[in-house]
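Working notes, structure below.
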Amino acid sequence: MVKAYDSLGNKFAEAKADQEIRIAYDMTLAEGEYESRTVENGTATITLKAETPISGILLDKWTENGEFAVTVTDKDGKETVACRGTFSEKNNQAVDTKGSYLAYLRKPGAGETDTRIWTYDAKKVVITGVPADATVQLIRYAGDDVAFLSGATAGKLAKDYTYTDADNKEQTIKAGTLVVLGTYRGDPVYNTLELKGEFINTPVSDEGEQGAPVTRDVSGEFLMFAEVPKDGEVSDISDGFFLFVPDLEAEKELQEDKPSDCRGDSLLPARMKITLYRTDNPDGTGSKRITAETVWIHSPGGTDLPTVELKTEVAE
């Protein structure tokens, strides 16, 4: 609620705006699931009351460039180094918990650049390289997340990009094509994306009022990129990348009868947001549900959109 007052303290106007909520989460263990948590000489030792599946760690304090390692022990005493790396802002997966550090567990033997998220059954967890006054939480489930690419929400392809579609046919996106860019956390086998747009009607009524905004899905196609390791085992990943290619012809037809403030050759809406869905069956939508969503952002425009160059690297 926003209230406006004059210089004498009299309220003369007020307005209420709908508050936006960003949807994303990581499920941490409940306080009652811990038997003990201690930090001594830079090592955090966590014992759980029962063997529990975990997929990450969350620290409220950490040291830049400090090295850490996470060792998980199951109820039978089997130890596995589930993650090791270097604390850095670049590697930090925390988004909403400012100042905290989030790291996901990896497949046994995987390198530091492997972004697959692995789940371990843990009775005891030991983490080295932890500040003495840090509080450590364990992540039970790494939830889905989605975001527009920071600093380059949209751009134009620098070169033709050719890929193989779901029907095993080659498709080419031409150089100069407008694309929307972003990242996701999840499993591309079970996740799908939608781009929603808010289109502002430009016609003004006889009373001088502008038409109400129209919200709908933007026509186009998503490409979801994920690393496929040599071992072929794909699971939830922490740094997926997506590309949205607007269908400009379809948008032109949709907007012909409903003038908007879209200008130039982009035809993007005034504002847009991304919604991430997940299903339990990759071949059906019966269990489709929203698992992550961005807030609305203003669409970039003008002729100075950055160029986008897509490169493919072979995973080790």
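Here's how to read the names in the structure tokens: chain A, B, ... by the order shown, residue numbers from 1 in each chain, ligand numbers from 1 in the order shown.
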**Request:** Pick out the residues sitting within 9 Å of Leu105 (chain A), and hand them over as a ChimeraX atom specification; count only C-alpha atoms, and ignore anything fewer than 3 positions along from it in its own chain.
**Result:** /A:54-57,70,82-84,108,116-120
With C-alpha atoms retained, could you export that selection as an mmCIF file, in the first residue's frame?
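Result saved to part-v1.cif:
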data_model
loop_
_atom_site.group_PDB
_atom_site.id
_atom_site.type_symbol
_atom_site.label_atom_id
_atom_site.label_comp_id
_atom_site.auth_asym_id
_atom_site.auth_seq_id
_atom_site.Cartn_x
_atom_site.Cartn_y
_atom_site.Cartn_z
ATOM 1 C CA ILE A 54 20.403 -35.165 1.112
ATOM 2 C CA SER A 55 21.529 -33.314 -2.010
ATOM 3 C CA GLY A 56 23.340 -30.182 -0.820
ATOM 4 C CA ILE A 57 24.701 -27.927 1.927
ATOM 5 C CA VAL A 70 31.781 -32.815 1.937
ATOM 6 C CA ALA A 82 30.149 -36.189 -2.266
ATOM 7 C CA CYS A 83 31.515 -32.765 -3.155
ATOM 8 C CA ARG A 84 34.713 -30.760 -3.014
ATOM 9 C CA PRO A 108 30.802 -40.070 -6.856
ATOM 10 C CA ARG A 116 24.696 -32.901 -12.031
ATOM 11 C CA ILE A 117 22.980 -32.917 -8.646
ATOM 12 C CA TRP A 118 23.278 -36.230 -6.781
ATOM 13 C CA THR A 119 21.354 -37.455 -3.742
ATOM 14 C CA TYR A 120 22.987 -39.497 -0.959
#
**Item:** Residues near region 193-196 of chain A, cut-off 6 Å, only C-alpha atoms, skip fewer than 3 positions along chain, as a PyMOL selection string
**Value:** chain A and resi 216-218+272-276
Residue subset to file, keeping C-alpha atoms, as a compact mmCIF listing (two decimals), in the first residue's frame:
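The result, written out as result.txt:
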# COMPACT_ATOMS: atom_id res chain seq x y z
CA ARG A 216 -0.92 -14.30 -22.51
CA ASP A 217 1.72 -16.83 -23.55
CA VAL A 218 4.14 -15.52 -26.18
CA MET A 272 7.60 -10.78 -19.58
CA LYS A 273 8.26 -13.60 -17.15
CA ILE A 274 9.27 -17.27 -17.34
CA THR A 275 7.36 -20.14 -15.75
CA LEU A 276 8.99 -23.55 -15.21
**Minimum-distance residue to Glu51 (chain A), chosen among A:Thr128, A:Ser150, A:Thr38, A:Thr73 (using only C-alpha atoms)** = A:Thr73
Identify, on the basis of only C-alpha atoms, every residue whose closest approach to Thr43 (chain A) does not exceed 7 Å; exclude the query and any residue fewer than 6 positions from it along the same chain; express the result as an mmCIF file with N, CA and C atoms, in the first residue's frame.
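Output (around_25.cif):
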data_model
loop_
_atom_site.group_PDB
_atom_site.id
_atom_site.type_symbol
_atom_site.label_atom_id
_atom_site.label_comp_id
_atom_site.auth_asym_id
_atom_site.auth_seq_id
_atom_site.Cartn_x
_atom_site.Cartn_y
_atom_site.Cartn_z
ATOM 1 N N VAL A 126 30.313 -34.713 7.140
ATOM 2 C CA VAL A 126 31.469 -33.945 7.610
ATOM 3 C C VAL A 126 31.866 -32.966 6.509
ATOM 4 N N ILE A 127 31.980 -31.682 6.875
ATOM 5 C CA ILE A 127 32.317 -30.641 5.908
ATOM 6 C C ILE A 127 33.558 -29.910 6.409
ATOM 7 N N THR A 128 34.611 -29.893 5.625
ATOM 8 C CA THR A 128 35.834 -29.183 6.001
ATOM 9 C C THR A 128 35.837 -27.784 5.390
ATOM 10 N N GLY A 129 36.656 -26.898 5.975
ATOM 11 C CA GLY A 129 36.780 -25.538 5.460
ATOM 12 C C GLY A 129 35.666 -24.607 5.887
ATOM 13 N N VAL A 130 35.021 -24.903 7.023
ATOM 14 C CA VAL A 130 33.867 -24.131 7.486
ATOM 15 C C VAL A 130 34.295 -23.112 8.547
#
All helix (DSSP H, G or I) residues (DSSP, backbone) inside region 40-287 of chain A, as an mmCIF file with C-alpha atoms, in the first residue's frame:
data_model
loop_
_atom_site.group_PDB
_atom_site.id
_atom_site.type_symbol
_atom_site.label_atom_id
_atom_site.label_comp_id
_atom_site.auth_asym_id
_atom_site.auth_seq_id
_atom_site.Cartn_x
_atom_site.Cartn_y
_atom_site.Cartn_z
ATOM 1 C CA LEU A 248 7.421 -13.369 -35.105
ATOM 2 C CA GLU A 249 4.889 -14.258 -37.797
ATOM 3 C CA ALA A 250 2.434 -15.637 -35.243
ATOM 4 C CA GLU A 251 2.960 -12.596 -33.019
ATOM 5 C CA LYS A 252 2.315 -10.227 -35.924
ATOM 6 C CA GLU A 253 -0.995 -11.961 -36.615
ATOM 7 C CA LEU A 254 -1.986 -11.925 -32.943
ATOM 8 C CA GLN A 255 -1.141 -8.251 -32.572
ATOM 9 C CA GLU A 256 -2.739 -7.006 -35.814
#
**Asked** What does the distance from CA of Gly220 (chain A) to CA of Thr162 (chain A) come to in Å, to one decimal?
**Response** 16.8 Å
